[in-house]
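Dropping input_23.txt in here (compact mmCIF, C-alpha atoms (C1' of nucleotides)):
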```
# COMPACT_ATOMS: atom_id res chain seq x y z
CA MET J 36 21.53 -1.64 -38.01
CA ASP J 37 23.87 1.31 -38.49
CA ASP J 38 23.91 4.46 -36.37
CA ASN J 39 22.09 6.57 -38.91
CA GLY J 40 19.27 4.06 -38.91
CA VAL J 41 19.05 4.16 -35.14
CA GLU J 42 19.18 7.96 -35.10
CA HIS J 43 16.32 8.04 -37.56
CA GLN J 44 14.29 5.55 -35.56
CA LEU J 45 14.69 7.65 -32.45
CA ARG J 46 13.69 10.91 -34.12
CA ASP J 47 10.71 9.25 -35.77
CA ARG J 48 9.42 8.45 -32.32
CA GLY J 49 10.08 11.92 -30.95
CA LEU J 50 12.96 10.70 -28.81
CA GLN J 51 16.13 12.67 -28.30
CA VAL J 52 19.32 11.33 -29.83
CA THR J 53 22.15 11.03 -27.37
CA ALA J 54 25.52 9.37 -27.43
CA GLN J 55 24.37 7.12 -24.58
CA ARG J 56 21.33 5.91 -26.49
CA LEU J 57 23.27 5.18 -29.64
CA ALA J 58 25.87 3.31 -27.63
CA VAL J 59 23.24 1.27 -25.78
CA MET J 60 21.62 0.30 -29.06
CA GLU J 61 25.00 -0.68 -30.50
CA ALA J 62 25.69 -2.77 -27.44
CA VAL J 63 22.37 -4.60 -27.69
CA SER J 64 22.98 -5.31 -31.37
CA ALA J 65 26.49 -6.52 -30.63
CA HIS J 66 25.47 -8.81 -27.77
CA PRO J 67 22.07 -10.39 -28.26
CA HIS J 68 20.65 -11.78 -24.99
CA ALA J 69 23.01 -9.74 -22.82
CA THR J 70 22.01 -8.62 -19.34
CA ALA J 71 21.76 -4.98 -18.29
CA GLU J 72 25.06 -5.31 -16.49
CA GLU J 73 26.86 -6.77 -19.49
CA LEU J 74 25.43 -4.04 -21.68
CA THR J 75 26.61 -1.40 -19.21
CA GLU J 76 30.13 -2.82 -19.46
CA ASP J 77 30.00 -2.76 -23.23
CA VAL J 78 28.62 0.78 -23.38
CA ARG J 79 31.40 1.95 -21.06
CA SER J 80 33.96 0.46 -23.42
CA ARG J 81 32.36 2.49 -26.20
CA ILE J 82 31.84 5.90 -24.66
CA GLY J 83 33.94 5.84 -21.51
CA SER J 84 31.28 5.94 -18.84
CA ILE J 85 27.56 5.76 -18.25
CA SER J 86 25.47 5.40 -15.14
CA LYS J 87 23.60 2.27 -14.33
CA GLN J 88 20.47 4.37 -14.24
CA ALA J 89 20.90 5.73 -17.76
CA VAL J 90 21.26 2.19 -19.06
CA TYR J 91 18.05 1.04 -17.37
CA ASP J 92 16.19 4.16 -18.49
CA THR J 93 17.40 3.75 -22.04
CA LEU J 94 16.58 0.08 -22.23
CA GLY J 95 13.13 0.86 -20.82
CA VAL J 96 12.51 3.57 -23.42
CA PHE J 97 13.66 1.27 -26.23
CA VAL J 98 11.42 -1.54 -25.06
CA GLU J 99 8.43 0.81 -24.78
CA ASN J 100 9.06 1.98 -28.30
CA ASN J 101 9.51 -1.50 -29.61
CA LEU J 102 13.09 -0.96 -30.71
CA ILE J 103 14.32 -3.86 -28.62
CA ARG J 104 12.77 -6.75 -26.77
CA ARG J 105 13.20 -7.74 -23.16
CA ILE J 106 13.15 -11.40 -22.24
CA GLN J 107 13.49 -12.98 -18.84
CA PRO J 108 13.62 -16.76 -18.63
CA SER J 109 12.74 -18.19 -15.22
CA GLY J 110 15.62 -17.97 -12.81
CA SER J 111 17.52 -15.52 -14.97
CA VAL J 112 17.86 -11.78 -14.87
CA ALA J 113 16.38 -9.72 -17.71
CA ARG J 114 18.08 -9.92 -21.09
CA TYR J 115 17.69 -7.74 -24.16
CA GLU J 116 17.80 -8.36 -27.89
CA ASP J 117 17.35 -6.24 -31.00
CA ARG J 118 15.37 -8.76 -33.04
CA VAL J 119 11.86 -7.39 -32.93
CA GLY J 120 8.84 -7.80 -35.12
CA ASP J 121 9.59 -11.32 -36.23
CA ASN J 122 8.26 -14.51 -34.77
CA HIS J 123 11.21 -16.13 -33.11
CA HIS J 124 11.53 -17.87 -29.79
CA HIS J 125 14.22 -18.89 -27.36
CA LEU J 126 16.13 -21.98 -26.41
CA VAL J 127 17.54 -21.82 -22.88
CA CYS J 128 20.06 -24.15 -21.25
CA ARG J 129 19.09 -25.33 -17.77
CA GLY J 130 22.77 -25.75 -16.99
CA CYS J 131 24.54 -22.54 -17.97
CA GLY J 132 21.61 -20.35 -18.95
CA ILE J 133 22.86 -19.59 -22.43
CA VAL J 134 20.13 -18.43 -24.83
CA PHE J 135 19.75 -19.14 -28.54
CA ASP J 136 17.20 -17.84 -31.00
CA VAL J 137 15.04 -20.40 -32.77
CA ASP J 138 12.28 -20.22 -35.31
CA CYS J 139 9.27 -22.33 -34.57
CA ALA J 140 8.89 -25.51 -36.56
CA VAL J 141 5.17 -25.27 -37.10
CA GLY J 142 4.86 -21.94 -38.91
CA ASP J 143 4.70 -18.26 -38.34
CA THR J 144 2.38 -17.92 -35.39
CA PRO J 145 2.27 -21.14 -33.44
CA CYS J 146 -0.38 -21.56 -30.83
CA LEU J 147 -1.40 -17.95 -31.00
CA ILE J 148 -4.94 -18.80 -30.06
CA ALA J 149 -5.40 -20.57 -26.77
CA ASP J 150 -8.25 -23.00 -26.25
CA ASP J 151 -9.96 -20.74 -23.75
CA ASP J 152 -8.83 -17.11 -23.79
CA HIS J 153 -10.65 -16.13 -20.57
CA GLY J 154 -11.79 -12.94 -22.31
CA PHE J 155 -8.21 -11.78 -22.76
CA GLU J 156 -7.02 -9.73 -25.68
CA ILE J 157 -3.94 -11.79 -26.53
CA ASP J 158 -1.14 -10.02 -28.38
CA GLU J 159 1.76 -12.41 -28.08
CA ALA J 160 2.60 -16.04 -27.55
CA GLU J 161 6.06 -16.43 -26.12
CA VAL J 162 7.72 -19.82 -26.35
CA VAL J 163 10.73 -20.92 -24.33
CA TYR J 164 12.37 -24.26 -25.05
CA TRP J 165 14.18 -25.67 -22.04
CA GLY J 166 16.97 -28.20 -22.25
CA ARG J 167 20.69 -28.76 -21.92
CA CYS J 168 23.26 -27.41 -24.34
CA PRO J 169 25.94 -29.69 -25.81
CA THR J 170 28.56 -28.40 -23.37
CA CYS J 171 26.42 -28.94 -20.27
CA ARG J 172 25.31 -32.38 -21.51
CA THR J 173 28.84 -33.70 -21.59
CA GLY J 174 30.15 -31.74 -18.60
CA MET E 227 -4.77 -34.10 -3.40
CA ASP E 228 -5.34 -35.07 0.25
CA ASP E 229 -2.70 -35.17 2.93
CA ASN E 230 -2.30 -38.90 2.83
CA GLY E 231 -1.55 -38.67 -0.85
CA VAL E 232 1.04 -36.02 -0.24
CA GLU E 233 2.57 -37.96 2.64
CA HIS E 234 2.86 -40.97 0.40
CA GLN E 235 4.41 -38.97 -2.39
CA LEU E 236 7.02 -37.61 -0.02
CA ARG E 237 7.91 -41.02 1.42
CA ASP E 238 8.12 -42.51 -2.06
CA ARG E 239 10.84 -40.05 -2.86
CA GLY E 240 12.71 -40.63 0.38
CA LEU E 241 11.72 -37.24 1.76
CA GLN E 242 10.81 -36.65 5.36
CA VAL E 243 7.23 -35.81 6.17
CA THR E 244 6.86 -32.68 8.25
CA ALA E 245 3.96 -30.45 9.19
CA GLN E 246 5.61 -27.61 7.29
CA ARG E 247 5.86 -29.61 4.09
CA LEU E 248 2.28 -30.78 4.24
CA ALA E 249 1.10 -27.24 4.90
CA VAL E 250 3.15 -25.82 2.04
CA MET E 251 1.69 -28.38 -0.34
CA GLU E 252 -1.82 -27.59 0.83
CA ALA E 253 -1.16 -23.90 0.31
CA VAL E 254 0.09 -24.43 -3.23
CA SER E 255 -2.97 -26.54 -4.04
CA ALA E 256 -5.26 -23.93 -2.54
CA HIS E 257 -3.69 -20.99 -4.37
CA PRO E 258 -2.43 -21.88 -7.81
CA HIS E 259 0.05 -19.28 -9.16
CA ALA E 260 0.73 -17.82 -5.73
CA THR E 261 4.06 -16.21 -4.89
CA ALA E 262 6.39 -17.48 -2.16
CA GLU E 263 5.26 -14.64 0.06
CA GLU E 264 1.57 -15.37 -0.42
CA LEU E 265 2.21 -19.02 0.28
CA THR E 266 4.10 -18.14 3.45
CA GLU E 267 1.07 -16.17 4.64
CA ASP E 268 -1.22 -19.05 3.90
CA VAL E 269 1.01 -21.60 5.60
CA ARG E 270 1.18 -19.41 8.71
CA SER E 271 -2.60 -19.34 8.85
CA ARG E 272 -2.53 -23.15 8.78
CA ILE E 273 0.21 -24.06 11.23
CA GLY E 274 0.85 -20.85 13.13
CA SER E 275 4.34 -19.99 11.98
CA ILE E 276 7.04 -20.93 9.53
CA SER E 277 10.25 -19.26 8.49
CA LYS E 278 10.71 -17.69 5.08
CA GLN E 279 13.65 -20.00 4.62
CA ALA E 280 11.66 -23.17 5.27
CA VAL E 281 9.13 -22.09 2.66
CA TYR E 282 11.82 -21.48 0.04
CA ASP E 283 13.58 -24.74 0.92
CA THR E 284 10.35 -26.70 0.76
CA LEU E 285 9.27 -25.19 -2.53
CA GLY E 286 12.72 -25.93 -3.90
CA VAL E 287 12.56 -29.56 -2.80
CA PHE E 288 9.07 -29.96 -4.27
CA VAL E 289 10.14 -28.46 -7.58
CA GLU E 290 13.21 -30.72 -7.72
CA ASN E 291 11.02 -33.73 -7.08
CA ASN E 292 8.45 -32.67 -9.62
CA LEU E 293 5.65 -32.33 -7.12
CA ILE E 294 5.02 -28.73 -8.09
CA ARG E 295 6.06 -26.44 -10.88
CA ARG E 296 7.70 -23.04 -10.66
CA ILE E 297 6.83 -20.42 -13.25
CA GLN E 298 8.16 -16.92 -13.56
CA PRO E 299 6.70 -14.68 -16.24
CA SER E 300 8.91 -11.71 -17.21
CA GLY E 301 8.64 -8.88 -14.74
CA SER E 302 7.01 -11.05 -12.10
CA VAL E 303 8.36 -12.85 -9.08
CA ALA E 304 8.34 -16.65 -9.03
CA ARG E 305 4.98 -18.40 -8.74
CA TYR E 306 4.14 -21.99 -7.93
CA GLU E 307 1.43 -24.40 -9.03
CA ASP E 308 0.59 -28.02 -8.34
CA ARG E 309 -0.47 -28.99 -11.85
CA VAL E 310 2.44 -31.06 -13.08
CA GLY E 311 2.86 -33.67 -15.74
CA ASP E 312 0.22 -32.32 -18.07
CA ASN E 313 0.75 -30.05 -21.00
CA HIS E 314 -0.78 -26.77 -20.00
CA HIS E 315 0.42 -23.25 -20.48
CA HIS E 316 -0.18 -19.80 -19.05
CA LEU E 317 -2.06 -16.67 -19.94
CA VAL E 318 -0.66 -13.58 -18.24
CA CYS E 319 -2.21 -10.11 -18.07
CA ARG E 320 0.17 -7.28 -18.93
CA GLY E 321 -1.88 -5.01 -16.71
CA CYS E 322 -2.37 -6.75 -13.38
CA GLY E 323 -0.19 -9.82 -13.80
CA ILE E 324 -2.95 -12.32 -13.10
CA VAL E 325 -2.23 -15.82 -14.43
CA PHE E 326 -4.65 -18.35 -15.89
CA ASP E 327 -4.04 -21.90 -17.02
CA VAL E 328 -4.80 -22.72 -20.62
CA ASP E 329 -4.54 -25.82 -22.74
CA CYS E 330 -2.96 -25.32 -26.09
CA ALA E 331 -5.26 -25.25 -29.08
CA VAL E 332 -3.07 -27.25 -31.39
CA GLY E 333 -2.66 -30.49 -29.48
CA ASP E 334 -0.69 -32.11 -26.74
CA THR E 335 2.84 -31.04 -27.44
CA PRO E 336 2.87 -27.92 -29.56
CA CYS E 337 6.11 -26.82 -31.08
CA LEU E 338 8.08 -29.30 -28.99
CA ILE E 339 10.70 -29.59 -31.68
CA ALA E 340 12.36 -26.38 -32.69
CA ASP E 341 13.59 -25.86 -36.23
CA ASP E 342 17.21 -25.88 -35.15
CA ASP E 343 17.92 -27.36 -31.75
CA HIS E 344 21.58 -26.21 -31.60
CA GLY E 345 22.47 -29.65 -30.27
CA PHE E 346 20.31 -29.18 -27.19
CA GLU E 347 18.49 -31.98 -25.45
CA ILE E 348 15.09 -30.26 -25.19
CA ASP E 349 12.78 -31.45 -22.43
CA GLU E 350 10.11 -28.79 -22.31
CA ALA E 351 8.43 -26.12 -24.40
CA GLU E 352 6.93 -23.46 -22.18
CA VAL E 353 4.33 -21.16 -23.70
CA VAL E 354 3.23 -17.85 -22.21
CA TYR E 355 0.35 -15.96 -23.78
CA TRP E 356 0.52 -12.23 -23.13
CA GLY E 357 -2.48 -9.92 -23.25
CA ARG E 358 -4.91 -7.91 -21.20
CA CYS E 359 -7.59 -9.40 -19.01
CA PRO E 360 -11.21 -8.21 -19.24
CA THR E 361 -10.84 -6.03 -16.15
CA CYS E 362 -7.68 -4.30 -17.34
CA ARG E 363 -9.14 -3.83 -20.85
CA THR E 364 -12.04 -1.78 -19.56
CA GLY E 365 -10.16 -0.05 -16.76
C1' DA G 167 10.66 -46.82 24.26
C1' DA G 168 15.48 -45.15 23.35
C1' DC G 169 19.39 -43.96 20.37
C1' DA G 170 22.00 -42.13 16.77
C1' DA G 171 22.34 -40.49 12.18
C1' DA G 172 20.33 -37.91 8.85
C1' DC G 173 17.61 -34.50 7.64
C1' DT G 174 14.95 -30.15 8.35
C1' DC G 175 13.86 -25.68 10.44
C1' DT G 176 15.00 -21.13 12.51
C1' DT G 177 17.34 -16.86 12.78
C1' DG G 178 19.72 -13.25 11.00
C1' DA G 179 22.96 -11.39 7.94
C1' DC G 180 23.76 -10.80 3.24
C1' DT G 181 23.58 -10.32 -2.11
C1' DC G 182 22.12 -8.30 -6.15
C1' DA G 183 18.85 -6.73 -9.80
C1' DG G 184 16.22 -3.12 -10.23
C1' DT G 185 13.87 1.40 -8.61
C1' DC G 186 13.39 6.13 -6.71
C1' DC G 187 14.78 10.77 -6.16
C1' DA G 188 16.62 15.38 -6.82
C1' DG G 189 19.81 18.14 -8.84
C1' DA G 190 23.07 18.89 -12.86
C1' DA G 191 23.78 18.58 -17.77
C1' DT G 192 22.43 18.11 -22.51
C1' DT G 193 19.33 18.45 -26.50
C1' DG G 194 16.40 20.57 -29.98
C1' DG G 195 12.97 23.97 -31.57
C1' DT G 196 12.57 28.98 -32.01
C1' DA H 71 22.34 31.66 -28.84
C1' DC H 72 18.24 30.85 -25.55
C1' DC H 73 15.05 28.32 -22.96
C1' DA H 74 11.94 24.67 -21.97
C1' DA H 75 11.85 19.85 -22.11
C1' DT H 76 14.18 15.91 -21.72
C1' DT H 77 17.95 13.08 -20.15
C1' DC H 78 21.89 11.79 -17.16
C1' DT H 79 24.33 11.24 -12.73
C1' DG H 80 25.10 9.59 -8.08
C1' DG H 81 23.55 7.73 -4.18
C1' DA H 82 20.18 5.82 -1.21
C1' DC H 83 16.80 2.39 -1.13
C1' DT H 84 13.60 -1.89 -1.90
C1' DG H 85 12.53 -6.54 -1.99
C1' DA H 86 13.11 -11.29 -3.76
C1' DG H 87 15.95 -14.67 -2.90
C1' DT H 88 20.39 -16.95 -0.81
C1' DC H 89 23.86 -18.39 2.71
C1' DA H 90 25.46 -20.32 6.96
C1' DA H 91 25.49 -22.39 11.42
C1' DG H 92 23.31 -24.10 15.19
C1' DA H 93 18.94 -26.01 17.25
C1' DG H 94 15.27 -29.12 16.60
C1' DT H 95 12.71 -33.25 14.20
C1' DT H 96 12.14 -37.38 11.95
C1' DT H 97 13.29 -42.04 10.97
C1' DG H 98 15.32 -46.68 11.03
C1' DT H 99 17.29 -49.80 14.28
C1' DT H 100 17.65 -52.00 18.59
```
Is it possible to express this structure as structure tokens?
Amino acid sequence: MDDNGVEHQLRDRGLQVTAQRLAVMEAVSAHPHATAEELTEDVRSRIGSISKQAVYDTLGVFVENNLIRRIQPSGSVARYEDRVGDNHHHLVCRGCGIVFDVDCAVGDTPCLIADDDHGFEIDEAEVVYWGRCPTCRTG
Amino acid sequence: MDDNGVEHQLRDRGLQVTAQRLAVMEAVSAHPHATAEELTEDVRSRIGSISKQAVYDTLGVFVENNLIRRIQPSGSVARYEDRVGDNHHHLVCRGCGIVFDVDCAVGDTPCLIADDDHGFEIDEAEVVYWGRCPTCRTG
DNA sequence: AACAAACTCTTGACTCAGTCCAGAATTGGT
DNA sequence: ACCAATTCTGGACTGAGTCAAGAGTTTGTT
């Protein structure tokens, strides 16, 4: 996803294009599953400085506009990724917390319909696989 | 799950039986998906007083010993439930955050094997259905 | 029943992700 | 270039959850 693409995506949605926003998007693309703090570090290395607040605001705007996705496995802080619109899930290590993307084995939209929907209008089924990564298994 | 059952379960695992622990377990049974704070309130109404710390410790011990389960949907604080050992999942409202239990439509262990396990030893596939509850849809 | 060892609970300070606010700066349409 | 709308900064604040050390309970043994 190059900068021109991002710029276009922002304008399409009526959002202003700023150096901070471009840098945040670059950071998310460069570090899938990074935390807000890690992204702040990365953005600072790109454009010198940015406030914590601007990063949170920007991430919030991007999530609202479906440009990025926010995930938050139990016991972890929020993480962000730029893969949106596809049906992928996450594999989380109980030891070190590292996150991998996985595609579900049983097709495009696994389990999208629950047995009893309680009258809900369901729009997403999020799957998290829990386990131990090779490193933590041997450690 | 009566108190004798709980007492037995604790002793079986080499855990001491205390009024606080029994009360915490009762509270979790009485309020599935409650937060630590809500549980603290409930426990206080049962045994008069308990420290925040004792509640967190107790919940932690119970989770470690598989007596209760801790869930934490994105954007929510941790919640606890006493349904363990079965294969049920959760339906969360994006509006008010209310949580319902659901059984998965496609069988006992949906999607338990990911396409690419990255060498992980996977022990659980957690599914969260996101949507809007009837109240929040009309509101 | 009494003892000692092990475990559990209380209190209070602390951490850290995330939010709130108000004023300053930047952006984009005219 | 100008101005209204939007965005960014800096700092104070919130609230869930953790840490630590001493006091209090529980339990197995006598």
Residues of chain J at most 9 Å from chain G: nearest atom pair and distance in Å, all atoms listed in the file, as a Markdown table:
```
| residue | atom | partner | partner_atom | distance |
| --- | --- | --- | --- | --- |
| J:Gln51 | CA | G:DT193 | C1' | 6.8 |
| J:Val52 | CA | G:DT193 | C1' | 7.9 |
| J:Thr53 | CA | G:DT193 | C1' | 8.0 |
| J:Tyr91 | CA | G:DG184 | C1' | 8.5 |
| J:Val112 | CA | G:DA183 | C1' | 7.2 |
| J:Ala113 | CA | G:DA183 | C1' | 8.8 |
```
Let's have the selection written as a PDB file, keeping the file's coordinate frame, with C-alpha atoms.
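The resulting file, result.pdb, is shown below:
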```
ATOM      1  CA  GLN J  51      16.130  12.670 -28.300  1.00  0.00           C
ATOM      2  CA  VAL J  52      19.320  11.330 -29.830  1.00  0.00           C
ATOM      3  CA  THR J  53      22.150  11.030 -27.370  1.00  0.00           C
ATOM      4  CA  TYR J  91      18.050   1.040 -17.370  1.00  0.00           C
ATOM      5  CA  VAL J 112      17.860 -11.780 -14.870  1.00  0.00           C
ATOM      6  CA  ALA J 113      16.380  -9.720 -17.710  1.00  0.00           C
TER       7      ALA J 113
END
```
Once chain E is fitted onto chain J by least squares over all its in-order Cα atoms, send the moved chain as a short mmCIF file (atom, residue, chain, number, x, y, z; two decimals) with C-alpha atoms, in the frame of the given file.
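Below is the file that was written, selection-v4.cif:
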```cif
data_model
loop_
_atom_site.label_atom_id
_atom_site.label_comp_id
_atom_site.auth_asym_id
_atom_site.auth_seq_id
_atom_site.Cartn_x
_atom_site.Cartn_y
_atom_site.Cartn_z
CA MET E 227 21.59 -1.54 -38.04
CA ASP E 228 23.92 1.45 -38.45
CA ASP E 229 23.89 4.56 -36.33
CA ASN E 230 22.07 6.65 -38.87
CA GLY E 231 19.30 4.10 -38.91
CA VAL E 232 19.07 4.18 -35.16
CA GLU E 233 19.15 7.98 -35.09
CA HIS E 234 16.32 8.04 -37.56
CA GLN E 235 14.31 5.53 -35.60
CA LEU E 236 14.68 7.62 -32.47
CA ARG E 237 13.66 10.87 -34.17
CA ASP E 238 10.69 9.17 -35.79
CA ARG E 239 9.38 8.37 -32.37
CA GLY E 240 10.02 11.84 -31.00
CA LEU E 241 12.91 10.65 -28.85
CA GLN E 242 16.06 12.64 -28.33
CA VAL E 243 19.25 11.34 -29.84
CA THR E 244 22.08 11.06 -27.36
CA ALA E 245 25.47 9.39 -27.39
CA GLN E 246 24.31 7.13 -24.57
CA ARG E 247 21.28 5.93 -26.49
CA LEU E 248 23.24 5.21 -29.63
CA ALA E 249 25.85 3.33 -27.63
CA VAL E 250 23.24 1.28 -25.79
CA MET E 251 21.64 0.29 -29.07
CA GLU E 252 24.99 -0.69 -30.52
CA ALA E 253 25.70 -2.77 -27.44
CA VAL E 254 22.40 -4.61 -27.69
CA SER E 255 23.03 -5.33 -31.38
CA ALA E 256 26.53 -6.54 -30.62
CA HIS E 257 25.50 -8.83 -27.77
CA PRO E 258 22.11 -10.39 -28.26
CA HIS E 259 20.66 -11.78 -24.99
CA ALA E 260 23.01 -9.74 -22.82
CA THR E 261 22.03 -8.62 -19.34
CA ALA E 262 21.76 -4.98 -18.28
CA GLU E 263 25.06 -5.30 -16.48
CA GLU E 264 26.87 -6.77 -19.47
CA LEU E 265 25.44 -4.04 -21.65
CA THR E 266 26.60 -1.39 -19.20
CA GLU E 267 30.13 -2.79 -19.45
CA ASP E 268 30.00 -2.73 -23.20
CA VAL E 269 28.62 0.80 -23.35
CA ARG E 270 31.39 2.01 -21.03
CA SER E 271 33.97 0.54 -23.38
CA ARG E 272 32.36 2.55 -26.18
CA ILE E 273 31.78 5.97 -24.65
CA GLY E 274 33.87 5.92 -21.50
CA SER E 275 31.20 6.02 -18.83
CA ILE E 276 27.49 5.80 -18.26
CA SER E 277 25.39 5.44 -15.15
CA LYS E 278 23.52 2.26 -14.32
CA GLN E 279 20.39 4.34 -14.24
CA ALA E 280 20.84 5.71 -17.76
CA VAL E 281 21.24 2.17 -19.06
CA TYR E 282 18.04 1.00 -17.37
CA ASP E 283 16.15 4.10 -18.51
CA THR E 284 17.37 3.72 -22.07
CA LEU E 285 16.56 0.04 -22.25
CA GLY E 286 13.13 0.81 -20.84
CA VAL E 287 12.49 3.50 -23.44
CA PHE E 288 13.66 1.21 -26.25
CA VAL E 289 11.43 -1.61 -25.06
CA GLU E 290 8.44 0.74 -24.81
CA ASN E 291 9.07 1.93 -28.33
CA ASN E 292 9.53 -1.56 -29.66
CA LEU E 293 13.11 -1.02 -30.74
CA ILE E 294 14.33 -3.92 -28.64
CA ARG E 295 12.77 -6.79 -26.79
CA ARG E 296 13.20 -7.78 -23.16
CA ILE E 297 13.15 -11.45 -22.25
CA GLN E 298 13.48 -13.01 -18.85
CA PRO E 299 13.60 -16.79 -18.62
CA SER E 300 12.73 -18.20 -15.17
CA GLY E 301 15.63 -17.99 -12.77
CA SER E 302 17.52 -15.53 -14.94
CA VAL E 303 17.87 -11.78 -14.86
CA ALA E 304 16.39 -9.72 -17.69
CA ARG E 305 18.07 -9.94 -21.09
CA TYR E 306 17.70 -7.76 -24.15
CA GLU E 307 17.80 -8.39 -27.89
CA ASP E 308 17.34 -6.28 -31.00
CA ARG E 309 15.38 -8.80 -33.05
CA VAL E 310 11.87 -7.42 -32.96
CA GLY E 311 8.84 -7.83 -35.13
CA ASP E 312 9.60 -11.35 -36.25
CA ASN E 313 8.27 -14.52 -34.76
CA HIS E 314 11.22 -16.15 -33.11
CA HIS E 315 11.54 -17.90 -29.81
CA HIS E 316 14.23 -18.93 -27.36
CA LEU E 317 16.14 -22.02 -26.40
CA VAL E 318 17.55 -21.84 -22.89
CA CYS E 319 20.06 -24.20 -21.26
CA ARG E 320 19.09 -25.39 -17.79
CA GLY E 321 22.76 -25.78 -17.00
CA CYS E 322 24.53 -22.58 -17.99
CA GLY E 323 21.61 -20.37 -18.96
CA ILE E 324 22.86 -19.63 -22.46
CA VAL E 325 20.14 -18.46 -24.85
CA PHE E 326 19.76 -19.17 -28.56
CA ASP E 327 17.22 -17.87 -31.02
CA VAL E 328 15.06 -20.41 -32.79
CA ASP E 329 12.29 -20.22 -35.33
CA CYS E 330 9.30 -22.33 -34.56
CA ALA E 331 8.90 -25.52 -36.54
CA VAL E 332 5.18 -25.27 -37.06
CA GLY E 333 4.85 -21.96 -38.85
CA ASP E 334 4.69 -18.26 -38.29
CA THR E 335 2.36 -17.92 -35.36
CA PRO E 336 2.22 -21.15 -33.41
CA CYS E 337 -0.43 -21.55 -30.80
CA LEU E 338 -1.36 -17.88 -30.99
CA ILE E 339 -4.91 -18.66 -30.03
CA ALA E 340 -5.36 -20.45 -26.76
CA ASP E 341 -8.24 -22.85 -26.25
CA ASP E 342 -9.91 -20.57 -23.74
CA ASP E 343 -8.77 -16.97 -23.76
CA HIS E 344 -10.60 -15.99 -20.53
CA GLY E 345 -11.70 -12.81 -22.27
CA PHE E 346 -8.12 -11.65 -22.73
CA GLU E 347 -6.93 -9.60 -25.66
CA ILE E 348 -3.86 -11.70 -26.51
CA ASP E 349 -1.05 -9.96 -28.36
CA GLU E 350 1.83 -12.37 -28.07
CA ALA E 351 2.64 -16.03 -27.55
CA GLU E 352 6.12 -16.41 -26.11
CA VAL E 353 7.75 -19.82 -26.35
CA VAL E 354 10.75 -20.93 -24.31
CA TYR E 355 12.37 -24.27 -25.04
CA TRP E 356 14.17 -25.71 -22.03
CA GLY E 357 16.98 -28.25 -22.26
CA ARG E 358 20.68 -28.79 -21.94
CA CYS E 359 23.25 -27.46 -24.36
CA PRO E 360 25.93 -29.73 -25.83
CA THR E 361 28.56 -28.46 -23.40
CA CYS E 362 26.42 -28.98 -20.31
CA ARG E 363 25.30 -32.43 -21.54
CA THR E 364 28.84 -33.74 -21.64
CA GLY E 365 30.11 -31.83 -18.62
#
```
Hey, list the chain E side of the contact with chain J: 10 Å cut-off, only C-alpha atoms, answer as number ranges by chain. E: 296-304, 315-320, 326-333, 336-363
Please find the residues of chain H near chain E - the criterion being any atom within 12 Å, counting all atoms listed in the file - and write them as number ranges by chain. H: 85-89, 95-97
Just want the 8 Å neighbourhood of range 248-251 of chain E, counted on all atoms listed in the file, with same-chain residues fewer than 2 positions away dropped. Output as a ChimeraX atom specification. /E:229,232-233,243-246,253-255,265-266,269,272-273,281,284-285
One number please: CA of Arg247 in chain E to CA of Thr261 in chain E, in Å, one decimal. 16.2 Å
Shell around Asn101 in chain J at 10 Å using all atoms listed in the file, local window under 6 positions removed, as a ChimeraX atom specification: /J:95,117-120
Separation of CA of Arg237 in chain E from CA of Tyr306 in chain E in Å: 21.5 Å
Nearest to DC78 in chain H by atom-to-atom distance, counting only C-alpha atoms (C1' of nucleotides), from J:Ile103, J:Cys131, J:Ile85, J:Val96: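 Of all the options, J:Ile85 lies closest to DC78 in chain H.
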Pairwise distance, CA of Leu50 in chain J with CA of Gly321 in chain E, equals 24.8 Å
Rank E:Arg239, E:Lys278, E:Arg270, E:Arg305 by their smallest atom-to-atom distance to Ile324 in chain E, using all atoms listed in the file, and report the top residue only.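 That would be E:Arg305, the residue with the smallest distance to Ile324 in chain E.
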Would you pull range 352-359 of chain E out of the block just shown and save N, CA and C atoms as a PDB file, in the first residue's frame?
```pdb
ATOM      1  N   GLU E 352     -11.082 -19.768  20.222  1.00  0.00           N
ATOM      2  CA  GLU E 352     -12.072 -18.915  20.883  1.00  0.00           C
ATOM      3  C   GLU E 352     -12.809 -18.120  19.804  1.00  0.00           C
ATOM      4  N   VAL E 353     -14.127 -18.177  19.854  1.00  0.00           N
ATOM      5  CA  VAL E 353     -14.909 -17.462  18.831  1.00  0.00           C
ATOM      6  C   VAL E 353     -15.742 -16.375  19.487  1.00  0.00           C
ATOM      7  N   VAL E 354     -15.664 -15.174  18.952  1.00  0.00           N
ATOM      8  CA  VAL E 354     -16.500 -14.076  19.425  1.00  0.00           C
ATOM      9  C   VAL E 354     -17.336 -13.565  18.258  1.00  0.00           C
ATOM     10  N   TYR E 355     -18.650 -13.623  18.430  1.00  0.00           N
ATOM     11  CA  TYR E 355     -19.546 -13.070  17.421  1.00  0.00           C
ATOM     12  C   TYR E 355     -19.841 -11.632  17.794  1.00  0.00           C
ATOM     13  N   TRP E 356     -19.646 -10.711  16.838  1.00  0.00           N
ATOM     14  CA  TRP E 356     -19.914  -9.305  17.091  1.00  0.00           C
ATOM     15  C   TRP E 356     -21.169  -8.867  16.358  1.00  0.00           C
ATOM     16  N   GLY E 357     -21.972  -8.041  17.027  1.00  0.00           N
ATOM     17  CA  GLY E 357     -23.185  -7.552  16.386  1.00  0.00           C
ATOM     18  C   GLY E 357     -23.878  -6.543  17.267  1.00  0.00           C
ATOM     19  N   ARG E 358     -25.164  -6.382  17.035  1.00  0.00           N
ATOM     20  CA  ARG E 358     -25.943  -5.447  17.851  1.00  0.00           C
ATOM     21  C   ARG E 358     -27.153  -6.173  18.407  1.00  0.00           C
ATOM     22  N   CYS E 359     -27.364  -6.006  19.704  1.00  0.00           N
ATOM     23  CA  CYS E 359     -28.474  -6.691  20.347  1.00  0.00           C
ATOM     24  C   CYS E 359     -29.795  -5.999  19.978  1.00  0.00           C
TER      25      CYS E 359
END
```
